[in-house]
file start-v9.pdb (PDB, C-alpha atoms)
ATOM      1  CA  MET A 923      17.420  -7.990  -0.079
ATOM      2  CA  ALA A 924      20.594  -6.490  -1.445
ATOM      3  CA  SER A 925      22.376  -3.871   0.570
ATOM      4  CA  PRO A 926      21.937  -0.327  -0.840
ATOM      5  CA  SER A 927      25.761  -0.088  -0.883
ATOM      6  CA  LYS A 928      25.886  -2.753  -3.594
ATOM      7  CA  PRO A 929      25.106  -2.039  -7.258
ATOM      8  CA  LEU A 930      21.396  -2.142  -7.973
ATOM      9  CA  ARG A 931      20.127  -5.051 -10.068
ATOM     10  CA  ALA A 932      16.864  -4.160 -11.788
ATOM     11  CA  THR A 933      14.466  -5.841 -14.195
ATOM     12  CA  ILE A 934      12.165  -3.731 -16.377
ATOM     13  CA  ILE A 935       9.039  -5.266 -17.927
ATOM     14  CA  ASP A 936       7.175  -3.173 -20.488
ATOM     15  CA  GLU A 937       5.811  -3.783 -23.969
ATOM     16  CA  HIS A 938       7.338  -0.637 -25.453
ATOM     17  CA  PRO A 939      11.096  -0.553 -26.188
ATOM     18  CA  ILE A 940      11.234   3.220 -25.740
ATOM     19  CA  VAL A 941       9.855   2.892 -22.194
ATOM     20  CA  ARG A 942      12.282   0.106 -21.321
ATOM     21  CA  GLN A 943      15.195   2.095 -22.710
ATOM     22  CA  GLY A 944      14.131   5.259 -20.915
ATOM     23  CA  VAL A 945      13.748   3.577 -17.531
ATOM     24  CA  GLN A 946      17.015   1.708 -18.026
ATOM     25  CA  ALA A 947      18.843   4.960 -18.797
ATOM     26  CA  LEU A 948      17.296   6.640 -15.752
ATOM     27  CA  ILE A 949      18.307   3.800 -13.431
ATOM     28  CA  GLU A 950      21.834   3.567 -14.820
ATOM     29  CA  HIS A 951      22.269   7.328 -14.523
ATOM     30  CA  THR A 952      20.961   7.425 -10.948
ATOM     31  CA  PHE A 953      22.445   4.262  -9.448
ATOM     32  CA  SER A 954      26.163   3.855 -10.004
ATOM     33  CA  GLY A 955      27.075   0.468 -11.444
ATOM     34  CA  ALA A 956      23.437  -0.605 -11.820
ATOM     35  CA  VAL A 957      22.833  -3.800 -13.780
ATOM     36  CA  VAL A 958      19.558  -3.623 -15.719
ATOM     37  CA  SER A 959      17.773  -6.314 -17.714
ATOM     38  CA  CYS A 960      14.691  -5.695 -19.845
ATOM     39  CA  ALA A 961      11.794  -7.820 -21.072
ATOM     40  CA  ARG A 962       8.701  -7.075 -23.141
ATOM     41  CA  ASP A 963       6.354  -9.250 -21.056
ATOM     42  CA  LEU A 964       6.090 -11.459 -18.003
ATOM     43  CA  ASP A 965       6.947 -14.679 -19.821
ATOM     44  CA  ALA A 966      10.116 -13.191 -21.283
ATOM     45  CA  ALA A 967      11.154 -11.826 -17.887
ATOM     46  CA  THR A 968      10.769 -15.175 -16.146
ATOM     47  CA  ALA A 969      11.873 -17.476 -18.973
ATOM     48  CA  GLY A 970      15.610 -17.304 -18.440
ATOM     49  CA  ALA A 971      18.353 -16.065 -16.196
ATOM     50  CA  ASP A 972      18.161 -12.432 -17.333
ATOM     51  CA  GLY A 973      15.773 -11.454 -14.550
ATOM     52  CA  ALA A 974      17.244 -13.731 -11.881
ATOM     53  CA  GLY A 975      18.697 -12.111  -8.822
ATOM     54  CA  ALA A 976      16.998  -8.748  -9.310
ATOM     55  CA  ASP A 977      16.772  -6.347  -6.373
ATOM     56  CA  ILE A 978      13.787  -4.585  -7.917
ATOM     57  CA  VAL A 979      11.260  -5.143 -10.709
ATOM     58  CA  VAL A 980       9.663  -2.202 -12.541
ATOM     59  CA  VAL A 981       6.625  -3.336 -14.515
ATOM     60  CA  ASP A 982       3.539  -2.117 -16.348
ATOM     61  CA  PRO A 983       0.884  -4.750 -15.517
ATOM     62  CA  TRP A 984      -1.288  -3.939 -18.526
ATOM     63  CA  LYS A 985       1.632  -4.456 -20.879
ATOM     64  CA  ALA A 986       2.982  -7.522 -19.101
ATOM     65  CA  GLY A 987       0.061  -9.723 -20.139
ATOM     66  CA  ALA A 988      -1.301 -10.542 -16.673
ATOM     67  CA  ASP A 989      -3.596  -9.102 -14.038
ATOM     68  CA  VAL A 990      -1.951  -7.597 -10.984
ATOM     69  CA  ALA A 991      -2.532 -10.504  -8.600
ATOM     70  CA  GLU A 992      -1.145 -13.038 -11.083
ATOM     71  CA  LEU A 993       1.725 -10.724 -11.959
ATOM     72  CA  VAL A 994       2.828 -10.248  -8.360
ATOM     73  CA  LYS A 995       2.468 -13.949  -7.571
ATOM     74  CA  ARG A 996       4.591 -15.043 -10.531
ATOM     75  CA  LEU A 997       7.244 -12.400 -10.050
ATOM     76  CA  ARG A 998       7.567 -13.262  -6.368
ATOM     77  CA  GLU A 999       7.859 -16.964  -7.133
ATOM     78  CA  GLU A1000      10.300 -16.643 -10.023
ATOM     79  CA  LEU A1001      12.280 -13.460  -9.394
ATOM     80  CA  GLY A1002      11.782 -12.918  -5.669
ATOM     81  CA  ALA A1003      12.158  -9.141  -5.872
ATOM     82  CA  PRO A1004      10.012  -6.219  -4.675
ATOM     83  CA  ILE A1005       7.767  -4.813  -7.375
ATOM     84  CA  VAL A1006       7.154  -1.236  -8.511
ATOM     85  CA  ILE A1007       4.194  -0.646 -10.823
ATOM     86  CA  PHE A1008       4.972   1.929 -13.534
ATOM     87  CA  THR A1009       1.871   2.551 -15.612
ATOM     88  CA  ALA A1010      -0.242   5.098 -17.455
ATOM     89  CA  ASP A1011      -3.274   3.891 -15.488
ATOM     90  CA  GLY A1012      -3.966   6.178 -12.549
ATOM     91  CA  GLY A1013      -7.316   4.595 -11.732
ATOM     92  CA  ALA A1014      -8.171   3.851  -8.121
ATOM     93  CA  ARG A1015      -9.163   0.252  -8.858
ATOM     94  CA  LEU A1016      -5.814  -0.814 -10.322
ATOM     95  CA  LEU A1017      -4.040   1.039  -7.529
ATOM     96  CA  SER A1018      -6.150  -0.803  -4.959
ATOM     97  CA  GLU A1019      -5.499  -4.171  -6.592
ATOM     98  CA  ALA A1020      -1.773  -3.485  -6.720
ATOM     99  CA  VAL A1021      -1.618  -2.517  -3.039
ATOM    100  CA  LYS A1022      -3.634  -5.583  -2.030
ATOM    101  CA  ALA A1023      -1.342  -7.806  -4.100
ATOM    102  CA  GLY A1024       1.657  -6.539  -2.156
ATOM    103  CA  VAL A1025       3.558  -4.296  -4.552
ATOM    104  CA  LYS A1026       6.055  -1.908  -2.978
ATOM    105  CA  GLY A1027       5.522   1.061  -5.275
ATOM    106  CA  TYR A1028       3.073   2.580  -7.744
ATOM    107  CA  VAL A1029       4.008   5.435 -10.102
ATOM    108  CA  ARG A1030       2.261   6.949 -13.119
ATOM    109  CA  LYS A1031       4.213   7.282 -16.346
ATOM    110  CA  ASP A1032       3.400  10.986 -16.598
ATOM    111  CA  SER A1033       4.933  11.699 -13.183
ATOM    112  CA  PRO A1034       8.389  13.255 -12.724
ATOM    113  CA  SER A1035      11.236  10.769 -13.033
ATOM    114  CA  SER A1036      12.143  11.562  -9.426
ATOM    115  CA  ASP A1037       8.957   9.779  -8.297
ATOM    116  CA  LEU A1038      10.057   6.551  -9.968
ATOM    117  CA  ILE A1039      13.487   6.844  -8.357
ATOM    118  CA  ARG A1040      11.895   7.384  -4.936
ATOM    119  CA  ALA A1041       9.696   4.332  -5.464
ATOM    120  CA  ILE A1042      12.693   2.201  -6.434
ATOM    121  CA  GLU A1043      14.691   3.402  -3.431
ATOM    122  CA  ALA A1044      11.775   2.759  -1.072
ATOM    123  CA  ALA A1045      11.096  -0.721  -2.449
ATOM    124  CA  ARG A1046      14.765  -1.623  -2.298
ATOM    125  CA  ALA A1047      14.777  -0.623   1.379
ATOM    126  CA  GLY A1048      11.676  -2.709   2.073
ATOM    127  CA  GLU A1049       9.427   0.340   2.300
ATOM    128  CA  PHE A1050       6.362   1.493   0.370
ATOM    129  CA  TYR A1051       5.834   4.403  -2.047
ATOM    130  CA  ILE A1052       2.768   5.655  -3.912
ATOM    131  CA  ASP A1053       2.820   8.437  -6.472
ATOM    132  CA  PRO A1054       1.782  11.562  -4.485
ATOM    133  CA  SER A1055      -0.811  12.455  -7.121
ATOM    134  CA  LEU A1056      -2.606   9.158  -6.455
ATOM    135  CA  SER A1057      -2.410   8.752  -2.687
ATOM    136  CA  ALA A1058      -5.712  10.500  -1.988
ATOM    137  CA  SER A1059      -7.626   8.214  -4.357
ATOM    138  CA  ILE A1060      -6.526   4.893  -2.914
ATOM    139  CA  VAL A1061      -9.297   2.321  -2.641
ATOM    140  CA  LEU A1062      -8.785  -0.234   0.097
ATOM    141  CA  GLU A1063     -11.709  -2.527  -0.706
ATOM    142  CA  GLU A1064     -14.155  -3.210  -3.499
ATOM    143  CA  GLY A1065     -16.895  -0.615  -3.807
ATOM    144  CA  ASP A1066     -16.950   2.841  -2.291
ATOM    145  CA  ARG A1067     -13.938   2.705   0.023
ATOM    146  CA  THR A1068     -12.265   6.031  -0.638
ATOM    147  CA  LEU A1069     -11.973   8.591   2.128
ATOM    148  CA  SER A1070     -13.703  11.877   1.442
ATOM    149  CA  ALA A1071     -11.825  15.148   1.795
ATOM    150  CA  ARG A1072     -13.592  15.743   5.131
ATOM    151  CA  GLN A1073     -12.700  12.270   6.379
ATOM    152  CA  ARG A1074      -9.040  12.747   5.446
ATOM    153  CA  GLU A1075      -9.120  16.098   7.259
ATOM    154  CA  ILE A1076     -10.511  14.474  10.398
ATOM    155  CA  LEU A1077      -8.048  11.584  10.183
ATOM    156  CA  GLN A1078      -5.199  14.098   9.936
ATOM    157  CA  MET A1079      -6.460  15.822  13.085
ATOM    158  CA  LEU A1080      -6.646  12.486  14.878
ATOM    159  CA  ALA A1081      -3.048  11.888  13.835
ATOM    160  CA  HIS A1082      -2.169  15.135  15.614
ATOM    161  CA  GLY A1083      -3.719  13.765  18.809
ATOM    162  CA  MET A1084      -6.859  15.901  18.757
ATOM    163  CA  GLN A1085      -9.937  14.617  20.599
ATOM    164  CA  THR A1086     -13.459  14.521  19.166
ATOM    165  CA  ASP A1087     -14.658  17.729  20.832
ATOM    166  CA  HIS A1088     -11.566  19.630  19.677
ATOM    167  CA  VAL A1089     -11.979  18.377  16.094
ATOM    168  CA  ALA A1090     -15.649  19.378  16.155
ATOM    169  CA  LYS A1091     -14.797  22.877  17.368
ATOM    170  CA  GLU A1092     -12.059  23.363  14.771
ATOM    171  CA  LEU A1093     -14.296  22.246  11.897
ATOM    172  CA  GLY A1094     -17.517  23.827  13.125
ATOM    173  CA  LEU A1095     -19.250  20.453  13.351
ATOM    174  CA  SER A1096     -21.200  18.725  16.086
ATOM    175  CA  THR A1097     -19.387  16.108  18.137
ATOM    176  CA  GLU A1098     -21.890  13.513  16.907
ATOM    177  CA  THR A1099     -21.040  14.327  13.277
ATOM    178  CA  VAL A1100     -17.339  13.910  14.017
ATOM    179  CA  ARG A1101     -18.027  10.595  15.762
ATOM    180  CA  THR A1102     -19.987   9.418  12.721
ATOM    181  CA  HIS A1103     -17.150  10.387  10.371
ATOM    182  CA  THR A1104     -14.666   8.627  12.649
ATOM    183  CA  LYS A1105     -16.715   5.423  12.649
ATOM    184  CA  ARG A1106     -16.868   5.500   8.848
ATOM    185  CA  ILE A1107     -13.117   6.103   8.622
ATOM    186  CA  LEU A1108     -12.425   3.081  10.832
ATOM    187  CA  ALA A1109     -14.821   0.948   8.790
ATOM    188  CA  LYS A1110     -13.294   1.967   5.457
ATOM    189  CA  LEU A1111      -9.748   1.378   6.665
ATOM    190  CA  GLU A1112     -10.727  -1.829   8.482
ATOM    191  CA  ALA A1113      -9.232  -0.398  11.656
ATOM    192  CA  SER A1114     -10.376  -1.285  15.157
ATOM    193  CA  THR A1115      -8.943   1.824  16.838
ATOM    194  CA  ARG A1116      -8.129   5.419  15.957
ATOM    195  CA  THR A1117      -4.435   4.701  16.382
ATOM    196  CA  GLN A1118      -4.637   1.857  13.886
ATOM    197  CA  ALA A1119      -6.585   4.044  11.442
ATOM    198  CA  VAL A1120      -3.916   6.738  11.668
ATOM    199  CA  ALA A1121      -1.165   4.174  11.053
ATOM    200  CA  ILE A1122      -2.984   2.842   7.979
ATOM    201  CA  GLY A1123      -3.610   6.368   6.722
ATOM    202  CA  ILE A1124       0.073   7.266   7.007
ATOM    203  CA  ARG A1125       1.181   4.032   5.358
ATOM    204  CA  TYR A1126      -0.994   4.596   2.306
ATOM    205  CA  GLY A1127      -0.294   8.297   1.995
ATOM    206  CA  LEU A1128      -3.802   9.436   2.931
ATOM    207  CA  ILE A1129      -2.367  11.706   5.618
ATOM    208  CA  GLN A1130       1.062  12.875   6.692
TER     209      GLN A1130
END
call {"tool": "encode", "arguments": {"input": "start-v9.pdb", "output": "structure tokens"}}
result
Amino acid sequence: MASPSKPLRATIIDEHPIVRQGVQALIEHTFSGAVVSCARDLDAATAGADGAGADIVVVDPWKAGADVAELVKRLREELGAPIVIFTADGGARLLSEAVKAGVKGYVRKDSPSSDLIRAIEAARAGEFYIDPSLSASIVLEEGDRTLSARQREILQMLAHGMQTDHVAKELGLSTETVRTHTKRILAKLEASTRTQAVAIGIRYGLIQ
């Protein structure tokens, strides 16, 4: 991974020239000396040397001509750079697939430009960023794997170190109800302990 002190090298993959030009202008304005290459699809991005040596790839998977798993696999093999999804699709399923595939960022196209910059900075540093408007809807497995508002509330309390009886008192619930919610949270997040569930929740932006 390139040092943040060096000029950013970015590859943008999107079907629409106006999107490519807009993202390129944003990156060049934000990152001094940035070198940006653009491609309309995955094949064009990986066909030649234009995308080689990128520090970051910004891509719309629907416009790149591949599903997310295939996209990430090919980009890793041929460009070897962290990937930020930049798409109009804010659906939980695509978000889930992208996270499972190992992307480093996910931002909607109708979000503020600052969100895309944060995602690029995080990915470049080896970290992970999800558009704040989407973090609560993340799906970690096929089927009904979202956390309800109550479950996120309980997980946040667990993150603050609160015990079951304290959580129950604060929320006006029985301790058994809180235990049931906690078991479901662990199952949905595939966590074996509360501490692990909290760590997963923080990583994916479900709690702070």
call {"tool": "closest_residue", "arguments": {"input": "start-v9.pdb", "among": "A:Gly1027, A:Pro929, A:Gly955, A:Gly1083", "to": "A:Asp1053", "atoms": "only C-alpha atoms"}}
result
A:Gly1027
call {"tool": "closest_residue", "arguments": {"input": "start-v9.pdb", "among": "A:Lys1091, A:Lys995, A:Arg1074, A:Arg1030", "to": "A:Ile1007", "atoms": "all atoms listed in the file"}}
result
A:Arg1030
call {"tool": "closest_residue", "arguments": {"input": "start-v9.pdb", "among": "A:Leu1038, A:Val1006, A:Leu1111, A:Leu1080", "to": "A:Gly944", "atoms": "all atoms listed in the file"}}
result
A:Leu1038
call {"tool": "atom_distance", "arguments": {"input": "start-v9.pdb", "atom1": "atom CA of A:Lys1031", "atom2": "atom CA of A:Ala1010"}}
result
5.1 Å
call {"tool": "resolve_selection", "arguments": {"input": "start-v9.pdb", "expression": "the PyMOL selection byres ((chain A and resi 1108) around 12)", "output": "count of residues only"}}
result
31
call {"tool": "closest_residue", "arguments": {"input": "start-v9.pdb", "among": "A:Tyr1126, A:Glu1049, A:Asp965, A:Ser1055", "to": "A:Ser1018", "atoms": "all atoms listed in the file"}}
result
A:Tyr1126
call {"tool": "closest_residue", "arguments": {"input": "start-v9.pdb", "among": "A:Asp963, A:Glu1092, A:Asp982, A:Glu992", "to": "A:Tyr1028", "atoms": "all atoms listed in the file"}}
result
A:Asp982
call {"tool": "residues_near_point", "arguments": {"input": "start-v9.pdb", "point": "(12.1, 8.5, -10.2)", "cutoff": "12 Å", "atoms": "all atoms listed in the file", "output": "ChimeraX atom specification"}}
result
/A:944-953,980,1006,1008,1027-1044,1051-1053
call {"tool": "residues_around", "arguments": {"input": "start-v9.pdb", "residues": "A:Asp1087", "least_positions_apart": "2", "cutoff": "9 Å", "atoms": "all atoms listed in the file", "output": "list in words"}}
result
Met1084, Gln1085, Val1089, Ala1090, Lys1091, Glu1092, Ser1096, Thr1097 and Val1100 of chain A
call {"tool": "atom_distance", "arguments": {"input": "start-v9.pdb", "atom1": "atom CA of A:Gly975", "atom2": "atom CA of A:Arg931"}}
result
7.3 Å
call {"tool": "atom_distance", "arguments": {"input": "start-v9.pdb", "atom1": "atom CA of A:Leu930", "atom2": "atom CA of A:Leu993"}}
result
21.8 Å
call {"tool": "closest_residue", "arguments": {"input": "start-v9.pdb", "among": "A:Ala969, A:Val1025, A:Leu1056, A:Leu1093", "to": "A:Leu1128", "atoms": "all atoms listed in the file"}}
result
A:Leu1056
call {"tool": "resolve_selection", "arguments": {"input": "start-v9.pdb", "expression": "the PyMOL selection byres ((chain A and resi 1024) around 9)", "output": "list in words"}}
result
Ala991, Val994, Pro1004, Ile1005, Glu1019, Ala1020, Val1021, Lys1022, Ala1023, Val1025 and Lys1026 of chain A
call {"tool": "resolve_selection", "arguments": {"input": "start-v9.pdb", "expression": "the PyMOL selection byres ((chain A and resi 977) around 6)", "output": "PDB file with C-alpha atoms, in the frame of the given file"}}
result
ATOM      1  CA  ARG A 931      20.127  -5.051 -10.068  1.00  0.00           C
ATOM      2  CA  ALA A 932      16.864  -4.160 -11.788  1.00  0.00           C
ATOM      3  CA  ALA A 976      16.998  -8.748  -9.310  1.00  0.00           C
ATOM      4  CA  ILE A 978      13.787  -4.585  -7.917  1.00  0.00           C
ATOM      5  CA  ALA A1003      12.158  -9.141  -5.872  1.00  0.00           C
TER       6      ALA A1003
END
